[in-house]
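To keep things clear, I will list the structure first and then write my remarks on it.
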Amino acid sequence: MNPAPTCCILTVSDTCFAKLKQDSAGRELEKAVNTALPKFRIVHKEIVPDDRQKIIDQLNKWVGEQCNLILTTGGTGFSPRDVTPEATRAVIEREAPGVTHEMISRSLEMTPMGMLSRAVCGIAGKTLIINLPGSETGAVECFSFVQTCIPHAIALITDDQDVVKKDHKKIKKRVRFIDGCEPSSVVVNQVAERPRESPYPMLEVEEALDLILKECTVPVETVRLVIEDSLHRVLAEDVLSYDDIPPFDASMKDGYAVRASDGDGPRKIRNAAAAGDAPNLLPLEAGEAVRIGTGFRQELMRSSKSKIQRRLGSDLSKNTTIFLKGERLKFAHIGVLAAVGKSTVTIYKPASVGVFTTGNELKEHYEDLQPGQIRDSNRLALINLLKEYHYDCDDYGIIKDEPDIIKKAIATALTLNDVLITTGGVSMGEFDFIKRVLIEDFNATIHFGRVNMKPGKPTTFATLEYEGVKKIVFGLPGNPVSACVTCLLFVIPLLRHLEGENEWQFPVIPYVVSTHKSSCSDPRPEYVRAIVSYVDGKIVATPNGGQVSSRLNSLVGANGLMLLPGSMIPAKEYLSHIILIGDIKAR
Ligand SMILES: Nc1nc2c(c(=O)[nH]1)N[C@H]1C(S)=C(S)[C@@H](COP(=O)(O)OP(=O)(O)OC[C@H]3O[C@@H](n4cnc5c(N)ncnc54)[C@H](O)[C@@H]3O)O[C@H]1N2
Ligand code: MOO
């Protein structure tokens, strides 16, 4: 087995070296490396002043020790003392301008100041050296832009052919379906030989969801992100306040600071002090007053009980837990993180999802239709449903109802994704191959293949091991409403649960239903797409038009799935519930 790759972190800073400032960039960078590159071992951390020769000496020492990766932080700017790029250039044999380019171009998307970096990256012996900015945020941010390519870069530098080949295979798979996939073992049945009855037992929805949660215990990775990039992600750590908010006793209003001992009477206004002005404008002489702005630091009033002050730490006090692991970050969380001076957070990596649709009748929405063809609405509906819940996914397109092609598509998706969602081809037709390909070509376990629900009966859930890793497959029905409703009821809760979110379930409210079902002959419990409103102090739910499972408009504007029990007697009332998939409307 290859030894763990090594990493050294060099902080270049006169002030940190002189211990006038803490090495927070070095500290945050260490955390970022541990999170992003868990296989790397940080073997040395040093601080040197902004001195060209001292930097060169330190870099040469680590290059001599065959360290794989050296990250420097600091000394890359325009100040006269900034010499890290010159020192790095003196050590490296080959420059790596692509790495520098990526850091600068991504930085420029955030701030024009990005152009003021003179960072140099390059190779010396068996070592990759990367210059990063000196600020904690800049260093972590720039590292995050290039972190994914570092293991491959090091495999190339050290000529580790096994890793290089594996990485190349992955890169190829990203742009096209895998090569060399053997034909499927599935024998295409003649119409007369197809099974007449599903061999899968019919599960209730709750049983199906329990099974999904039980079977899906894939390891969740964490990653450290700058707070600017953390919206909608789930915290993998409890967060403590770094600072008191406010960090000083502050004025709550615009007004005047006066000396209480002066009593009533006119004052001479000495000057005006706004929030952020230095407090040495005070103390006041007898009879003097200072005009102060909201947020002004009120040193003189610290001992008074004035109600027009926000006391130090009164919004949040230093070292208290402000957010808990498992919270999904919204705008206000990020504002509070900024207020307390927390610039990075550890979050759970969301599972990576791949989607394809199946059907010989399907065309892309922008293509012309021949007789018998329809446009693929499921793929874009599902991809965007996932996006609404903050999951990006890989799109593998429309796949023909042919086992060889389905096999290739599944193999490609499983190479890159943790979770695969397909639609169509899961019921009883002779072209319904998804389950058979999963079983016969991938040795998958089909945990269920039928659920007692309308829409969504043929929903299929499978797990399998692919290249040593557990993978999850949802074969959703082809009917567009069935695909979206089952994605909402099974896939989205699982993804939220896998991501470590505390509140992963949709809110459910009790509701008395009396609406009779759209098809009286169907005994399945039905999830009616409904508009749920708050009217005169009461919750009212109305079915959102026709409920046939091809009519996707029933989901347009729907904010609830109203459960109608299995066998309903018309006009009788039943206590059931509504699953809220959107905000309640006010009428
Ligand atoms: N003999 C039986 N037939 C059917 C059963 C059954 O239990 N026994 N179940 C029915 C139910 S319920 C559903 S739901 C569908 C699901 O069938 P499949 O998942 O195999 O889906 P397909 O047959 O491929 O397609 C069904 C329907 O949806 C249209 N479709 C498919 N993909 C798309 C797409 N990407 N965009 C838009 N529309 C799509 C397709 O053209 C069909 O009209 O099976 C029933 N049959
Ligand atoms: O269950 Mo299917 O989903 O009726 O349309």
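Chain labels run A, B, ... following the order of the structure tokens; each chain numbers its residues from 1, and ligands are numbered from 1 in the order shown.
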Contacts of ligand 1, 9 Å or closer, only C-alpha atoms and all ligand atoms, given as JSON, numbers by chain: {"A": [196, 197, 198, 356, 357, 358, 359, 360, 361, 362, 363, 372, 373, 374, 375, 376, 377, 378, 379, 380, 381, 398, 401, 423, 424, 425, 426, 427, 428, 429, 431, 432, 433, 434, 450, 453, 454, 455, 456, 457, 458, 459, 475, 476, 477, 478, 479, 480, 481, 482, 483, 549, 550]}
Residue contacts of segment 235-248 of chain A (7 Å, only C-alpha atoms) excluding same-chain residues fewer than 3 positions away, as a PyMOL selection string: chain A and resi 222+297+311-328+340-342+346-348
Saved selection, atoms kept: N, CA and C atoms, as a PDB file, in the first residue's frame:
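part-v6.pdb, written as the output of this step:
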```pdb
ATOM      1  N   THR A 222     -17.744  15.238   5.103  1.00  0.00           N
ATOM      2  CA  THR A 222     -17.920  16.645   5.456  1.00  0.00           C
ATOM      3  C   THR A 222     -16.924  17.477   4.657  1.00  0.00           C
ATOM      4  N   ARG A 297     -20.059  53.510  20.154  1.00  0.00           N
ATOM      5  CA  ARG A 297     -19.540  52.827  21.342  1.00  0.00           C
ATOM      6  C   ARG A 297     -19.630  53.779  22.537  1.00  0.00           C
ATOM      7  N   ARG A 311     -26.350  46.336  25.400  1.00  0.00           N
ATOM      8  CA  ARG A 311     -25.201  45.939  26.215  1.00  0.00           C
ATOM      9  C   ARG A 311     -24.285  44.953  25.486  1.00  0.00           C
ATOM     10  N   LEU A 312     -22.991  45.030  25.771  1.00  0.00           N
ATOM     11  CA  LEU A 312     -22.016  44.076  25.225  1.00  0.00           C
ATOM     12  C   LEU A 312     -22.552  42.636  25.388  1.00  0.00           C
ATOM     13  N   GLY A 313     -22.589  41.893  24.313  1.00  0.00           N
ATOM     14  CA  GLY A 313     -23.018  40.485  24.361  1.00  0.00           C
ATOM     15  C   GLY A 313     -24.504  40.283  24.554  1.00  0.00           C
ATOM     16  N   SER A 314     -25.325  41.375  24.469  1.00  0.00           N
ATOM     17  CA  SER A 314     -26.746  41.192  24.770  1.00  0.00           C
ATOM     18  C   SER A 314     -27.480  40.466  23.642  1.00  0.00           C
ATOM     19  N   ASP A 315     -27.000  40.538  22.402  1.00  0.00           N
ATOM     20  CA  ASP A 315     -27.636  39.765  21.316  1.00  0.00           C
ATOM     21  C   ASP A 315     -27.129  38.319  21.341  1.00  0.00           C
ATOM     22  N   LEU A 316     -25.846  38.184  21.544  1.00  0.00           N
ATOM     23  CA  LEU A 316     -25.205  36.855  21.591  1.00  0.00           C
ATOM     24  C   LEU A 316     -23.942  36.977  22.413  1.00  0.00           C
ATOM     25  N   SER A 317     -23.733  36.020  23.327  1.00  0.00           N
ATOM     26  CA  SER A 317     -22.479  36.175  24.064  1.00  0.00           C
ATOM     27  C   SER A 317     -21.437  35.180  23.578  1.00  0.00           C
ATOM     28  N   LYS A 318     -20.204  35.657  23.681  1.00  0.00           N
ATOM     29  CA  LYS A 318     -19.022  34.919  23.208  1.00  0.00           C
ATOM     30  C   LYS A 318     -19.019  33.482  23.743  1.00  0.00           C
ATOM     31  N   ASN A 319     -18.594  32.541  22.908  1.00  0.00           N
ATOM     32  CA  ASN A 319     -18.439  31.129  23.274  1.00  0.00           C
ATOM     33  C   ASN A 319     -19.734  30.402  23.588  1.00  0.00           C
ATOM     34  N   THR A 320     -20.881  30.976  23.222  1.00  0.00           N
ATOM     35  CA  THR A 320     -22.128  30.217  23.403  1.00  0.00           C
ATOM     36  C   THR A 320     -22.450  29.520  22.083  1.00  0.00           C
ATOM     37  N   THR A 321     -23.198  28.406  22.186  1.00  0.00           N
ATOM     38  CA  THR A 321     -23.571  27.662  20.976  1.00  0.00           C
ATOM     39  C   THR A 321     -24.676  28.439  20.267  1.00  0.00           C
ATOM     40  N   ILE A 322     -24.411  28.806  19.026  1.00  0.00           N
ATOM     41  CA  ILE A 322     -25.443  29.568  18.313  1.00  0.00           C
ATOM     42  C   ILE A 322     -26.232  28.701  17.349  1.00  0.00           C
ATOM     43  N   PHE A 323     -25.608  27.698  16.754  1.00  0.00           N
ATOM     44  CA  PHE A 323     -26.337  26.800  15.856  1.00  0.00           C
ATOM     45  C   PHE A 323     -25.925  25.367  16.151  1.00  0.00           C
ATOM     46  N   LEU A 324     -26.851  24.464  15.877  1.00  0.00           N
ATOM     47  CA  LEU A 324     -26.578  23.056  16.148  1.00  0.00           C
ATOM     48  C   LEU A 324     -26.295  22.295  14.862  1.00  0.00           C
ATOM     49  N   LYS A 325     -25.461  21.287  14.999  1.00  0.00           N
ATOM     50  CA  LYS A 325     -25.215  20.318  13.932  1.00  0.00           C
ATOM     51  C   LYS A 325     -26.575  19.847  13.393  1.00  0.00           C
ATOM     52  N   GLY A 326     -26.689  19.782  12.088  1.00  0.00           N
ATOM     53  CA  GLY A 326     -27.962  19.300  11.508  1.00  0.00           C
ATOM     54  C   GLY A 326     -28.887  20.411  11.073  1.00  0.00           C
ATOM     55  N   GLU A 327     -28.522  21.694  11.375  1.00  0.00           N
ATOM     56  CA  GLU A 327     -29.364  22.803  10.914  1.00  0.00           C
ATOM     57  C   GLU A 327     -29.015  23.115   9.469  1.00  0.00           C
ATOM     58  N   ARG A 328     -30.057  23.355   8.650  1.00  0.00           N
ATOM     59  CA  ARG A 328     -29.795  23.779   7.266  1.00  0.00           C
ATOM     60  C   ARG A 328     -29.649  25.294   7.265  1.00  0.00           C
ATOM     61  N   VAL A 340     -20.618  37.219  14.038  1.00  0.00           N
ATOM     62  CA  VAL A 340     -19.739  36.728  15.109  1.00  0.00           C
ATOM     63  C   VAL A 340     -18.313  36.447  14.616  1.00  0.00           C
ATOM     64  N   GLY A 341     -18.054  36.712  13.352  1.00  0.00           N
ATOM     65  CA  GLY A 341     -16.678  36.584  12.852  1.00  0.00           C
ATOM     66  C   GLY A 341     -16.295  35.166  12.496  1.00  0.00           C
ATOM     67  N   LYS A 342     -17.292  34.321  12.172  1.00  0.00           N
ATOM     68  CA  LYS A 342     -16.975  32.932  11.802  1.00  0.00           C
ATOM     69  C   LYS A 342     -16.941  32.873  10.279  1.00  0.00           C
ATOM     70  N   THR A 346     -18.103  23.778   8.809  1.00  0.00           N
ATOM     71  CA  THR A 346     -18.032  22.411   8.284  1.00  0.00           C
ATOM     72  C   THR A 346     -19.450  21.956   7.992  1.00  0.00           C
ATOM     73  N   ILE A 347     -19.666  21.499   6.769  1.00  0.00           N
ATOM     74  CA  ILE A 347     -21.009  21.068   6.378  1.00  0.00           C
ATOM     75  C   ILE A 347     -20.939  19.629   5.856  1.00  0.00           C
ATOM     76  N   TYR A 348     -22.118  18.999   5.808  1.00  0.00           N
ATOM     77  CA  TYR A 348     -22.173  17.657   5.238  1.00  0.00           C
ATOM     78  C   TYR A 348     -22.245  17.772   3.728  1.00  0.00           C
TER      79      TYR A 348
END
```
Please identify all polymer residues within 8 Å of Ile492 of chain A, counting only C-alpha atoms, omitting same-chain residues fewer than 4 positions from it, and present them as a list in words.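 Near neighbours after the sequence-gap exclusion: Leu386, Tyr389, Cys487, Leu488 and Arg496 of chain A.
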Okay, now the selection with N, CA and C atoms, as a PDB file, in the first residue's frame?
```
ATOM      1  N   LEU A 386     -35.402  18.402  -7.522  1.00  0.00           N
ATOM      2  CA  LEU A 386     -34.219  18.188  -6.676  1.00  0.00           C
ATOM      3  C   LEU A 386     -33.509  19.515  -6.404  1.00  0.00           C
ATOM      4  N   TYR A 389     -34.854  21.530  -3.682  1.00  0.00           N
ATOM      5  CA  TYR A 389     -34.433  21.074  -2.350  1.00  0.00           C
ATOM      6  C   TYR A 389     -32.910  21.109  -2.208  1.00  0.00           C
ATOM      7  N   CYS A 487     -40.925  10.894  -5.890  1.00  0.00           N
ATOM      8  CA  CYS A 487     -39.657  11.572  -5.587  1.00  0.00           C
ATOM      9  C   CYS A 487     -39.833  12.401  -4.311  1.00  0.00           C
ATOM     10  N   LEU A 488     -40.985  13.081  -4.213  1.00  0.00           N
ATOM     11  CA  LEU A 488     -41.247  13.893  -3.017  1.00  0.00           C
ATOM     12  C   LEU A 488     -41.378  13.021  -1.764  1.00  0.00           C
ATOM     13  N   ARG A 496     -32.394  14.290   2.367  1.00  0.00           N
ATOM     14  CA  ARG A 496     -32.268  15.202   3.521  1.00  0.00           C
ATOM     15  C   ARG A 496     -31.754  14.437   4.734  1.00  0.00           C
TER      16      ARG A 496
END
```
One-decimal distance in Å that lies between atom CA of Asn443 of chain A and atom CA of Ser184 of chain A: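 Computed distance, atom CA of Ser184 of chain A to atom CA of Asn443 of chain A, equals 12.1 Å.
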A:Leu128, A:Leu464, A:Val548, A:Ile9 ranked by distance to ligand 2, top pick (using only C-alpha atoms and all ligand atoms):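 Among A:Leu128, A:Leu464, A:Val548, A:Ile9, it is A:Val548 that comes nearest to ligand 2.
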